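Enquirer: The file below is structure-v5.cif, mmCIF, C-alpha atoms:
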data_query
#
loop_
_atom_site.group_PDB
_atom_site.id
_atom_site.type_symbol
_atom_site.label_atom_id
_atom_site.label_comp_id
_atom_site.auth_asym_id
_atom_site.auth_seq_id
_atom_site.Cartn_x
_atom_site.Cartn_y
_atom_site.Cartn_z
ATOM 1 C CA MET A 1 89.145 121.052 96.695
ATOM 2 C CA THR A 2 89.013 121.885 100.416
ATOM 3 C CA ALA A 3 92.092 122.371 102.555
ATOM 4 C CA SER A 4 91.921 118.703 103.441
ATOM 5 C CA GLY A 5 91.558 117.487 99.857
ATOM 6 C CA GLU A 6 93.416 117.572 96.549
ATOM 7 C CA GLU A 7 93.692 115.750 93.252
ATOM 8 C CA ARG A 8 96.527 113.579 91.968
ATOM 9 C CA ASP A 9 96.651 111.741 88.669
ATOM 10 C CA GLY A 10 92.947 112.391 88.205
ATOM 11 C CA VAL A 11 92.001 110.926 91.593
ATOM 12 C CA ALA A 12 90.088 113.154 94.007
ATOM 13 C CA LEU A 13 91.605 112.725 97.456
ATOM 14 C CA THR A 14 89.362 113.607 100.373
ATOM 15 C CA ASN A 15 89.527 114.117 104.151
ATOM 16 C CA LEU A 16 93.315 113.972 104.065
ATOM 17 C CA ASP A 17 93.773 115.542 107.486
ATOM 18 C CA GLN A 18 91.703 112.947 109.332
ATOM 19 C CA PRO A 19 93.547 110.531 111.647
ATOM 20 C CA LEU A 20 94.120 107.220 109.890
ATOM 21 C CA PHE A 21 93.032 105.155 112.904
ATOM 22 C CA ASP A 22 93.506 105.168 116.664
ATOM 23 C CA GLU A 23 97.221 104.898 117.561
ATOM 24 C CA ALA A 24 98.233 105.246 113.916
ATOM 25 C CA GLY A 25 100.334 108.314 114.609
ATOM 26 C CA ALA A 26 99.420 109.282 111.062
ATOM 27 C CA THR A 27 96.748 110.955 108.963
ATOM 28 C CA LYS A 28 95.130 109.804 105.756
ATOM 29 C CA ARG A 29 97.429 112.275 103.980
ATOM 30 C CA ASP A 30 100.424 110.447 105.442
ATOM 31 C CA LEU A 31 99.118 107.177 103.993
ATOM 32 C CA VAL A 32 98.564 108.723 100.559
ATOM 33 C CA ASP A 33 101.975 110.407 100.590
ATOM 34 C CA TYR A 34 103.693 107.196 101.651
ATOM 35 C CA LEU A 35 102.076 104.996 98.999
ATOM 36 C CA ASP A 36 102.772 107.626 96.347
ATOM 37 C CA ALA A 37 106.410 107.808 97.437
ATOM 38 C CA VAL A 38 106.938 104.030 97.197
ATOM 39 C CA ARG A 39 104.704 103.433 94.176
ATOM 40 C CA ASP A 40 107.560 102.288 91.944
ATOM 41 C CA ARG A 41 108.468 99.636 94.554
ATOM 42 C CA ILE A 42 105.048 98.387 95.662
ATOM 43 C CA ILE A 43 103.221 98.306 92.308
ATOM 44 C CA PRO A 44 105.562 95.642 90.857
ATOM 45 C CA VAL A 45 104.781 93.277 93.754
ATOM 46 C CA LEU A 46 101.032 93.857 93.302
ATOM 47 C CA ARG A 47 100.835 93.756 89.501
ATOM 48 C CA ASP A 48 98.767 90.938 87.930
ATOM 49 C CA ARG A 49 97.745 89.641 91.357
ATOM 50 C CA PRO A 50 94.132 89.706 92.604
ATOM 51 C CA LEU A 51 94.258 92.078 95.530
ATOM 52 C CA SER A 52 92.638 91.998 98.955
ATOM 53 C CA VAL A 53 92.968 95.127 101.076
ATOM 54 C CA MET A 54 92.432 95.878 104.741
ATOM 55 C CA ARG A 55 90.408 99.072 105.060
ATOM 56 C CA MET A 56 89.714 101.239 108.074
ATOM 57 C CA LEU A 57 86.726 103.580 107.774
ATOM 58 C CA ARG A 58 86.057 106.203 110.438
ATOM 59 C CA GLY A 59 83.946 104.889 113.280
ATOM 60 C CA GLN A 60 84.079 101.289 112.047
ATOM 61 C CA GLN A 61 86.102 98.180 112.722
ATOM 62 C CA PRO A 62 88.782 97.297 110.142
ATOM 63 C CA PHE A 63 87.660 94.872 107.457
ATOM 64 C CA MET A 64 89.239 92.841 104.668
ATOM 65 C CA GLN A 65 87.848 93.742 101.247
ATOM 66 C CA LYS A 66 88.114 91.228 98.415
ATOM 67 C CA ASN A 67 85.203 92.195 96.159
ATOM 68 C CA LEU A 68 85.485 95.647 94.658
ATOM 69 C CA PRO A 69 82.601 97.876 95.834
ATOM 70 C CA LYS A 70 79.915 98.779 93.314
ATOM 71 C CA TYR A 71 81.020 102.425 93.212
ATOM 72 C CA THR A 72 84.516 101.507 91.964
ATOM 73 C CA PRO A 73 85.432 103.614 88.902
ATOM 74 C CA ASP A 74 85.380 101.785 85.573
ATOM 75 C CA TRP A 75 89.068 102.527 85.022
ATOM 76 C CA VAL A 76 90.187 100.428 88.007
ATOM 77 C CA PRO A 77 91.516 97.117 86.575
ATOM 78 C CA ARG A 78 89.728 94.034 87.890
ATOM 79 C CA LEU A 79 89.546 90.289 87.569
ATOM 80 C CA THR A 80 86.656 88.003 88.442
ATOM 81 C CA VAL A 81 87.766 84.710 90.008
ATOM 82 C CA TRP A 82 85.764 81.731 91.196
ATOM 83 C CA ALA A 83 86.341 81.273 94.942
ATOM 84 C CA GLU A 84 86.065 77.594 95.714
ATOM 85 C CA SER A 85 85.879 78.165 99.483
ATOM 86 C CA SER A 86 82.821 80.438 99.280
ATOM 87 C CA LYS A 87 81.407 78.962 96.048
ATOM 88 C CA ARG A 88 80.987 82.337 94.380
ATOM 89 C CA ASN A 89 82.649 84.724 91.963
ATOM 90 C CA VAL A 90 84.807 87.418 93.519
ATOM 91 C CA THR A 91 85.748 90.532 91.551
ATOM 92 C CA TYR A 92 89.191 91.556 92.747
ATOM 93 C CA GLY A 93 90.960 94.792 92.008
ATOM 94 C CA LEU A 94 94.307 94.725 90.224
ATOM 95 C CA CYS A 95 96.736 97.457 91.209
ATOM 96 C CA GLU A 96 98.701 98.085 88.018
ATOM 97 C CA ASP A 97 99.451 101.819 88.156
ATOM 98 C CA ARG A 98 99.759 104.944 90.268
ATOM 99 C CA ARG A 99 96.188 106.061 89.635
ATOM 100 C CA THR A 100 94.742 102.816 91.011
ATOM 101 C CA LEU A 101 97.100 102.852 94.002
ATOM 102 C CA LEU A 102 95.977 106.394 94.854
ATOM 103 C CA TRP A 103 92.336 105.362 94.512
ATOM 104 C CA PHE A 104 92.873 102.514 96.990
ATOM 105 C CA ALA A 105 94.651 104.917 99.343
ATOM 106 C CA ASN A 106 91.695 107.300 99.197
ATOM 107 C CA GLN A 107 89.464 104.345 100.120
ATOM 108 C CA ARG A 108 91.564 104.078 103.296
ATOM 109 C CA ALA A 109 93.078 100.804 102.147
ATOM 110 C CA ILE A 110 95.935 100.444 104.605
ATOM 111 C CA GLU A 111 97.120 96.876 104.054
ATOM 112 C CA PHE A 112 97.730 95.319 100.637
ATOM 113 C CA HIS A 113 97.498 91.526 100.430
ATOM 114 C CA PRO A 114 98.093 90.196 96.894
ATOM 115 C CA LEU A 115 97.371 86.625 95.861
ATOM 116 C CA LEU A 116 100.434 84.393 95.725
ATOM 117 C CA ALA A 117 99.701 83.420 92.127
ATOM 118 C CA LYS A 118 99.655 85.770 89.141
ATOM 119 C CA ALA A 119 96.982 86.089 86.485
ATOM 120 C CA PRO A 120 96.290 84.202 84.343
ATOM 121 C CA ASP A 121 98.248 81.228 85.759
ATOM 122 C CA PHE A 122 96.538 80.515 89.076
ATOM 123 C CA ALA A 123 97.772 76.906 89.068
ATOM 124 C CA HIS A 124 101.252 77.950 90.224
ATOM 125 C CA THR A 125 102.257 79.867 93.308
ATOM 126 C CA THR A 126 105.207 82.118 92.481
ATOM 127 C CA HIS A 127 106.962 81.858 95.853
ATOM 128 C CA MET A 128 107.429 79.444 98.692
ATOM 129 C CA ILE A 129 106.727 81.463 101.843
ATOM 130 C CA LEU A 130 107.332 80.791 105.526
ATOM 131 C CA ASP A 131 105.428 83.104 107.863
ATOM 132 C CA LEU A 132 107.233 83.245 111.214
ATOM 133 C CA ASP A 133 104.886 84.136 114.050
ATOM 134 C CA PRO A 134 106.536 84.745 117.454
ATOM 135 C CA PRO A 135 104.513 84.150 120.618
ATOM 136 C CA SER A 136 104.207 87.847 121.541
ATOM 137 C CA PRO A 137 104.789 91.308 120.060
ATOM 138 C CA ASP A 138 107.975 91.748 122.104
ATOM 139 C CA ALA A 139 109.545 88.484 120.892
ATOM 140 C CA PHE A 140 110.902 89.628 117.533
ATOM 141 C CA SER A 141 114.337 88.255 118.454
ATOM 142 C CA LEU A 142 112.789 84.784 118.589
ATOM 143 C CA ALA A 143 111.422 85.272 115.077
ATOM 144 C CA VAL A 144 114.919 86.249 113.969
ATOM 145 C CA GLY A 145 116.291 83.021 115.407
ATOM 146 C CA ALA A 146 113.593 81.025 113.650
ATOM 147 C CA ALA A 147 114.300 82.776 110.349
ATOM 148 C CA LYS A 148 117.920 81.708 110.627
ATOM 149 C CA LEU A 149 116.768 78.098 111.074
ATOM 150 C CA ILE A 150 114.720 78.395 107.883
ATOM 151 C CA ARG A 151 117.686 79.875 106.046
ATOM 152 C CA THR A 152 119.935 77.044 107.209
ATOM 153 C CA VAL A 153 117.498 74.470 105.817
ATOM 154 C CA LEU A 154 117.213 76.326 102.529
ATOM 155 C CA THR A 155 120.968 76.814 102.197
ATOM 156 C CA ASP A 156 121.507 73.086 102.757
ATOM 157 C CA LEU A 157 119.121 72.562 99.826
ATOM 158 C CA GLY A 158 121.082 74.987 97.684
ATOM 159 C CA MET A 159 118.244 77.519 97.688
ATOM 160 C CA ASP A 160 118.468 81.296 98.052
ATOM 161 C CA SER A 161 115.887 83.274 100.004
ATOM 162 C CA VAL A 162 114.944 86.794 101.016
ATOM 163 C CA VAL A 163 113.407 88.057 104.235
ATOM 164 C CA LYS A 164 111.214 90.968 105.280
ATOM 165 C CA THR A 165 109.417 92.100 108.369
ATOM 166 C CA SER A 166 105.752 91.172 108.266
ATOM 167 C CA GLY A 167 104.954 94.674 109.450
ATOM 168 C CA ALA A 168 103.348 93.114 112.516
ATOM 169 C CA LYS A 169 105.426 91.094 114.986
ATOM 170 C CA GLY A 170 107.156 88.526 112.799
ATOM 171 C CA LEU A 171 109.026 87.843 109.578
ATOM 172 C CA HIS A 172 108.312 86.457 106.110
ATOM 173 C CA VAL A 173 110.850 84.329 104.243
ATOM 174 C CA PHE A 174 110.327 84.176 100.459
ATOM 175 C CA VAL A 175 111.821 81.747 97.939
ATOM 176 C CA PRO A 176 110.878 82.330 94.274
ATOM 177 C CA ILE A 177 109.832 79.055 92.613
ATOM 178 C CA ASP A 178 109.840 78.286 88.904
ATOM 179 C CA ALA A 179 106.647 77.280 87.142
ATOM 180 C CA HIS A 180 107.663 73.596 87.048
ATOM 181 C CA ALA A 181 106.126 72.718 90.429
ATOM 182 C CA PRO A 182 102.353 72.457 90.827
ATOM 183 C CA MET A 183 100.764 74.159 93.793
ATOM 184 C CA GLU A 184 100.382 70.920 95.768
ATOM 185 C CA ASP A 185 104.122 70.287 95.559
ATOM 186 C CA ILE A 186 104.994 73.808 96.665
ATOM 187 C CA ALA A 187 102.652 73.381 99.633
ATOM 188 C CA ALA A 188 104.293 70.064 100.488
ATOM 189 C CA ALA A 189 107.803 71.491 100.186
ATOM 190 C CA THR A 190 106.863 74.397 102.456
ATOM 191 C CA ARG A 191 105.638 71.973 105.124
ATOM 192 C CA ALA A 192 108.882 70.009 104.848
ATOM 193 C CA VAL A 193 111.062 73.115 105.215
ATOM 194 C CA ALA A 194 109.111 74.143 108.327
ATOM 195 C CA ALA A 195 109.409 70.647 109.795
ATOM 196 C CA ARG A 196 113.154 70.470 109.143
ATOM 197 C CA ALA A 197 113.701 73.901 110.678
ATOM 198 C CA ALA A 198 111.681 73.005 113.783
ATOM 199 C CA ARG A 199 113.779 69.856 114.229
ATOM 200 C CA LEU A 200 116.951 71.974 114.274
ATOM 201 C CA ASP A 201 115.808 73.742 117.451
ATOM 202 C CA PRO A 202 112.585 72.345 118.903
ATOM 203 C CA ASP A 203 112.880 74.643 121.920
ATOM 204 C CA LEU A 204 112.619 77.697 119.683
ATOM 205 C CA ALA A 205 110.362 76.733 116.795
ATOM 206 C CA THR A 206 107.230 74.678 116.247
ATOM 207 C CA THR A 207 104.881 73.664 113.456
ATOM 208 C CA ALA A 208 101.937 73.256 115.868
ATOM 209 C CA PHE A 209 98.940 74.843 114.127
ATOM 210 C CA ILE A 210 96.843 74.923 117.314
ATOM 211 C CA ARG A 211 97.962 77.983 119.271
ATOM 212 C CA GLU A 212 97.631 76.307 122.667
ATOM 213 C CA ASP A 213 100.176 73.697 121.593
ATOM 214 C CA ARG A 214 102.961 76.139 120.730
ATOM 215 C CA GLU A 215 104.276 76.551 124.288
ATOM 216 C CA GLY A 216 105.753 80.004 123.747
ATOM 217 C CA LYS A 217 107.646 79.029 120.590
ATOM 218 C CA VAL A 218 107.766 80.638 117.162
ATOM 219 C CA PHE A 219 105.160 79.165 114.841
ATOM 220 C CA LEU A 220 106.607 78.292 111.433
ATOM 221 C CA ASP A 221 103.469 78.746 109.346
ATOM 222 C CA PRO A 222 103.640 76.846 106.035
ATOM 223 C CA THR A 223 100.085 77.632 104.894
ATOM 224 C CA ARG A 224 100.823 80.697 102.729
ATOM 225 C CA VAL A 225 100.257 78.924 99.453
ATOM 226 C CA GLY A 226 97.613 78.522 96.772
ATOM 227 C CA GLY A 227 94.681 80.831 97.332
ATOM 228 C CA ALA A 228 96.320 82.445 100.352
ATOM 229 C CA THR A 229 97.603 86.005 100.519
ATOM 230 C CA VAL A 230 100.383 87.679 102.452
ATOM 231 C CA ALA A 231 101.085 91.327 103.215
ATOM 232 C CA ALA A 232 103.101 92.720 100.328
ATOM 233 C CA ALA A 233 106.579 94.106 100.677
ATOM 234 C CA TYR A 234 106.271 97.838 101.418
ATOM 235 C CA SER A 235 102.635 97.462 102.545
ATOM 236 C CA PRO A 236 101.631 99.461 105.617
ATOM 237 C CA ARG A 237 100.027 97.493 108.420
ATOM 238 C CA LEU A 238 97.095 98.373 110.646
ATOM 239 C CA ARG A 239 99.130 98.445 113.821
ATOM 240 C CA PRO A 240 100.121 101.195 116.284
ATOM 241 C CA GLY A 241 102.545 103.570 114.585
ATOM 242 C CA THR A 242 101.550 102.286 111.096
ATOM 243 C CA PRO A 243 104.572 100.043 110.494
ATOM 244 C CA VAL A 244 105.543 98.762 107.052
ATOM 245 C CA SER A 245 106.501 95.296 105.818
ATOM 246 C CA PHE A 246 110.128 96.028 105.003
ATOM 247 C CA PRO A 247 112.831 94.024 103.177
ATOM 248 C CA LEU A 248 115.932 93.236 105.186
ATOM 249 C CA ALA A 249 119.394 91.933 104.491
ATOM 250 C CA TRP A 250 120.009 88.678 106.338
ATOM 251 C CA ASP A 251 122.993 90.249 108.110
ATOM 252 C CA ASP A 252 120.825 93.071 109.475
ATOM 253 C CA LEU A 253 118.233 90.940 111.268
ATOM 254 C CA ASP A 254 119.855 91.237 114.690
ATOM 255 C CA ASP A 255 120.058 95.021 114.511
ATOM 256 C CA VAL A 256 116.476 96.065 113.758
ATOM 257 C CA THR A 257 112.958 95.967 115.153
ATOM 258 C CA PRO A 258 109.659 96.104 113.217
ATOM 259 C CA ALA A 259 108.995 99.563 114.695
ATOM 260 C CA ASP A 260 112.004 100.943 112.804
ATOM 261 C CA PHE A 261 110.008 100.803 109.570
ATOM 262 C CA THR A 262 106.908 103.006 109.373
ATOM 263 C CA ILE A 263 105.168 105.096 106.725
ATOM 264 C CA HIS A 264 107.128 108.049 108.142
ATOM 265 C CA THR A 265 110.608 106.486 108.021
ATOM 266 C CA VAL A 266 110.605 104.124 105.040
ATOM 267 C CA PRO A 267 110.756 106.603 102.114
ATOM 268 C CA ALA A 268 113.991 108.113 103.445
ATOM 269 C CA LEU A 269 115.423 104.680 104.243
ATOM 270 C CA LEU A 270 114.758 103.541 100.675
ATOM 271 C CA GLY A 271 116.045 106.592 98.859
ATOM 272 C CA ASP A 272 116.050 105.536 95.212
ATOM 273 C CA GLY A 273 116.541 101.858 96.037
ATOM 274 C CA ASP A 274 114.281 98.821 95.848
ATOM 275 C CA PRO A 275 115.910 96.241 98.137
ATOM 276 C CA TRP A 276 113.097 93.706 97.664
ATOM 277 C CA ALA A 277 113.601 93.561 93.904
ATOM 278 C CA ALA A 278 117.378 93.873 94.179
ATOM 279 C CA ARG A 279 117.753 90.935 96.583
ATOM 280 C CA MET A 280 115.130 88.627 95.072
ATOM 281 C CA PRO A 281 116.847 85.543 93.604
ATOM 282 C CA ALA A 282 115.890 84.018 90.280
ATOM 283 C CA PRO A 283 113.115 81.382 90.401
ATOM 284 C CA GLN A 284 114.387 78.028 91.649
ATOM 285 C CA ARG A 285 113.364 74.415 91.245
ATOM 286 C CA LEU A 286 112.245 72.469 94.311
ATOM 287 C CA ASP A 287 114.180 69.450 95.548
ATOM 288 C CA ALA A 288 112.338 66.194 94.779
ATOM 289 C CA ASP A 289 113.141 64.674 98.193
ATOM 290 C CA LEU A 290 111.823 67.788 99.917
ATOM 291 C CA ILE A 291 108.542 67.506 98.034
ATOM 292 C CA ALA A 292 108.253 63.801 98.832
ATOM 293 C CA GLU A 293 108.872 64.455 102.531
ATOM 294 C CA GLY A 294 106.276 67.211 102.552
ATOM 295 C CA HIS A 295 103.607 64.942 101.102
ATOM 296 C CA THR A 296 103.971 62.718 104.182
ATOM 297 C CA ILE A 297 103.186 65.686 106.482
ATOM 298 C CA PRO A 298 99.476 66.379 107.085
ATOM 299 C CA VAL A 299 98.023 69.679 105.931
ATOM 300 C CA PRO A 300 98.040 71.807 109.125
ATOM 301 C CA ARG A 301 94.474 73.089 108.989
ATOM 302 C CA VAL A 302 93.070 69.640 108.259
ATOM 303 C CA GLN A 303 95.148 68.083 111.024
ATOM 304 C CA ALA A 304 94.055 70.817 113.453
ATOM 305 C CA MET A 305 90.394 70.280 112.543
ATOM 306 C CA HIS A 306 90.607 66.557 113.249
ATOM 307 C CA GLU A 307 92.538 67.166 116.450
ATOM 308 C CA GLY A 308 89.958 69.716 117.599
ATOM 309 C CA LYS A 309 87.168 67.217 117.032
ATOM 310 C CA ARG A 310 89.118 64.521 118.879
ATOM 311 C CA ARG A 311 89.716 66.796 121.884
ATOM 312 C CA ALA A 312 86.084 67.919 121.960
ATOM 313 C CA LYS A 313 84.945 64.291 121.995
ATOM 314 C CA ALA A 314 87.431 63.415 124.716
ATOM 315 C CA LYS A 315 86.133 66.313 126.807
ATOM 316 C CA ARG A 316 82.506 65.227 126.323
ATOM 317 C CA ASP A 317 83.392 61.638 127.243
ATOM 318 C CA ALA A 318 85.201 62.809 130.368
ATOM 319 C CA GLU A 319 82.219 64.896 131.433
ATOM 320 C CA VAL A 320 79.930 61.900 130.957
ATOM 321 C CA ASP A 321 82.272 59.653 132.947
ATOM 322 C CA GLY A 322 82.543 62.281 135.647
#
Hey, can you dump this file as C-alpha cells for me?
Expert:
Amino acid sequence: MTASGEERDGVALTNLDQPLFDEAGATKRDLVDYLDAVRDRIIPVLRDRPLSVMRMLRGQQPFMQKNLPKYTPDWVPRLTVWAESSKRNVTYGLCEDRRTLLWFANQRAIEFHPLLAKAPDFAHTTHMILDLDPPSPDAFSLAVGAAKLIRTVLTDLGMDSVVKTSGAKGLHVFVPIDAHAPMEDIAAATRAVAARAARLDPDLATTAFIREDREGKVFLDPTRVGGATVAAAYSPRLRPGTPVSFPLAWDDLDDVTPADFTIHTVPALLGDGDPWAARMPAPQRLDADLIAEGHTIPVPRVQAMHEGKRRAKAKRDAEVDG
C-alpha cells in the first residue's frame, strides 16, 4: 500500500489523505476511522435494512446510490427489491458487518440511509418517525421547541420516544412500533401526531408540505414511512464540518447544537456507550383513535400535488382574465 492507503479486515483502503469534500474539515481517512470507531453502534441500526448511501466522488456532485455498482465484491450482502415507484428491481446493499462498512467507507459513502422496514418483512415499518425541519440552519432552537410539542403529544398517548439530531439542521423523533400495525396505519398515526403537535403551538409548528406555506415555522414532516429512508443514528452527513446524526437525552436538547457532533468529536463523546440503543423503548402499540384521526388527514404529497395543480390553474386563469 502507498502512504495514503492501507488494508483493514481484507478491504483495500485507498486515497485516504484526500479531502472528503469541500468544507468537510476532514479527509477520507477521517471518515474511515470514524465509521470503524462506531461500527458496533451503527451496524445494528443498518442490519437487515436495504441501504441507500450518499456518496461524494472527487470532482463530482454528491449522489444517492441505491443500486449496488457492478464492481461490488461478491461478499457484500445484498437484497433485490421491487421498487414500485420506478417499476424496476433495485439491488440494495446490506451492511451487516465491519468489512462491508469499511467497503462502503472506501467508496466515499458519507451518509447512510436505511429503509424503515427490515427484511424480510417489508409490510411493517419498525418506527414511527417525525422529521422536524426548521426554517433555516440557524433555527435549531425552533426545532427543539417543536420536538417538545411532539413529545407532549406522545406522552399524552402513553408512548415513549427517543430523539436525535438529523445531522443537518433539525431533529428526528423515533417511536418503535410493534408489528401489529400495518404500514398504512403507522402513516396515518404519524400524520395525526404531527397535526396534534402543530395545534399545540401553531405559531411555531406547521404540517404545510408546500415550503412557501410554512411562514418561517418548523415543518413537522410525517412522510418518513413505508419505502422512505432516514439518516441513521451515528451516520455522518454531507454538510460543512461533517456533522453526525447523534442521539440526545430529552433533557439535553436546550444545551446542544448540531455542530457539537462531528466525525471528530463523536467517538470520544460515546466512549464505550451506545445511547441510541440504551434509550430506545420497547416496541409499542398505536392508539386506535390516533390511527382513525390520521386516516382523515390527507397524505401530504398527494395534497400538495393537487394544491399545486389548483394554484397553477388559478394563475393561468388570472393571466387570461388579465
Enquirer: On this structure, the PyMOL selection byres ((chain A and resi 101-113) around 7) would catch which residues? List them as a PyMOL selection string, sorted by chain and number.
Expert: chain A and resi 11+13-14+31-32+51-57+95+97-100+114-115+229-232+235-238
Enquirer: With distances taken over all atoms listed in the file, which of A:Pro44, A:Pro120, A:Gly145, A:Pro283 is nearest to Thr80 in chain A?
Expert: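 Answer, going by the shortest atom-to-atom distance: A:Pro120.
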Enquirer: Let me make sure I understand: among A:Gly167, A:Pro50, A:Pro62, A:Pro176, which one has the smallest atom-to-atom distance to Leu248 in chain A if we use only C-alpha atoms?
Expert: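 Closest to Leu248 in chain A, using only C-alpha atoms: A:Gly167.
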Enquirer: Pick out the closest residue to Val173 in chain A from this set: A:Gln18, A:Thr207, A:Thr72, A:Ser245. Count all atoms listed in the file.
Expert: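 Smallest distance to Val173 in chain A is found for A:Ser245.
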Enquirer: So, with only C-alpha atoms as the atoms that count, which of A:Gly226, A:Met280, A:Leu253, A:Pro267 lies closest to Arg39 in chain A?
Expert: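 Checking each of A:Gly226, A:Met280, A:Leu253, A:Pro267 against Arg39 in chain A, counting only C-alpha atoms, the winner is A:Pro267.
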Enquirer: For a test of reading the model, state the distance in Å between CA of Asn15 in chain A and CA of Arg78 in chain A, rounded to one decimal.
Expert: 25.8 Å
Enquirer: Counting all atoms listed in the file, what is within 9 Å of range 287-294 of chain A, bar same-chain residues fewer than 6 positions away, as an MDAnalysis selection string?
Expert: chainID A and resid 157 185:193 195
Enquirer: Work out how far CA of Thr27 in chain A is from CA of Gly59 in chain A, in Å to one decimal.
Expert: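 Between these atoms lies a distance of 14.8 Å.
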Enquirer: How big is the axis-aligned box around the listed atoms of range 161-170 of chain A once 3 Å is added on each side, and where is its centre? Give both in Å to one decimal, as AutoDock Vina command-line options.
Expert:
--center_x 109.6 --center_y 89.0 --center_z 107.5 --size_x 18.5 --size_y 17.4 --size_z 21.0
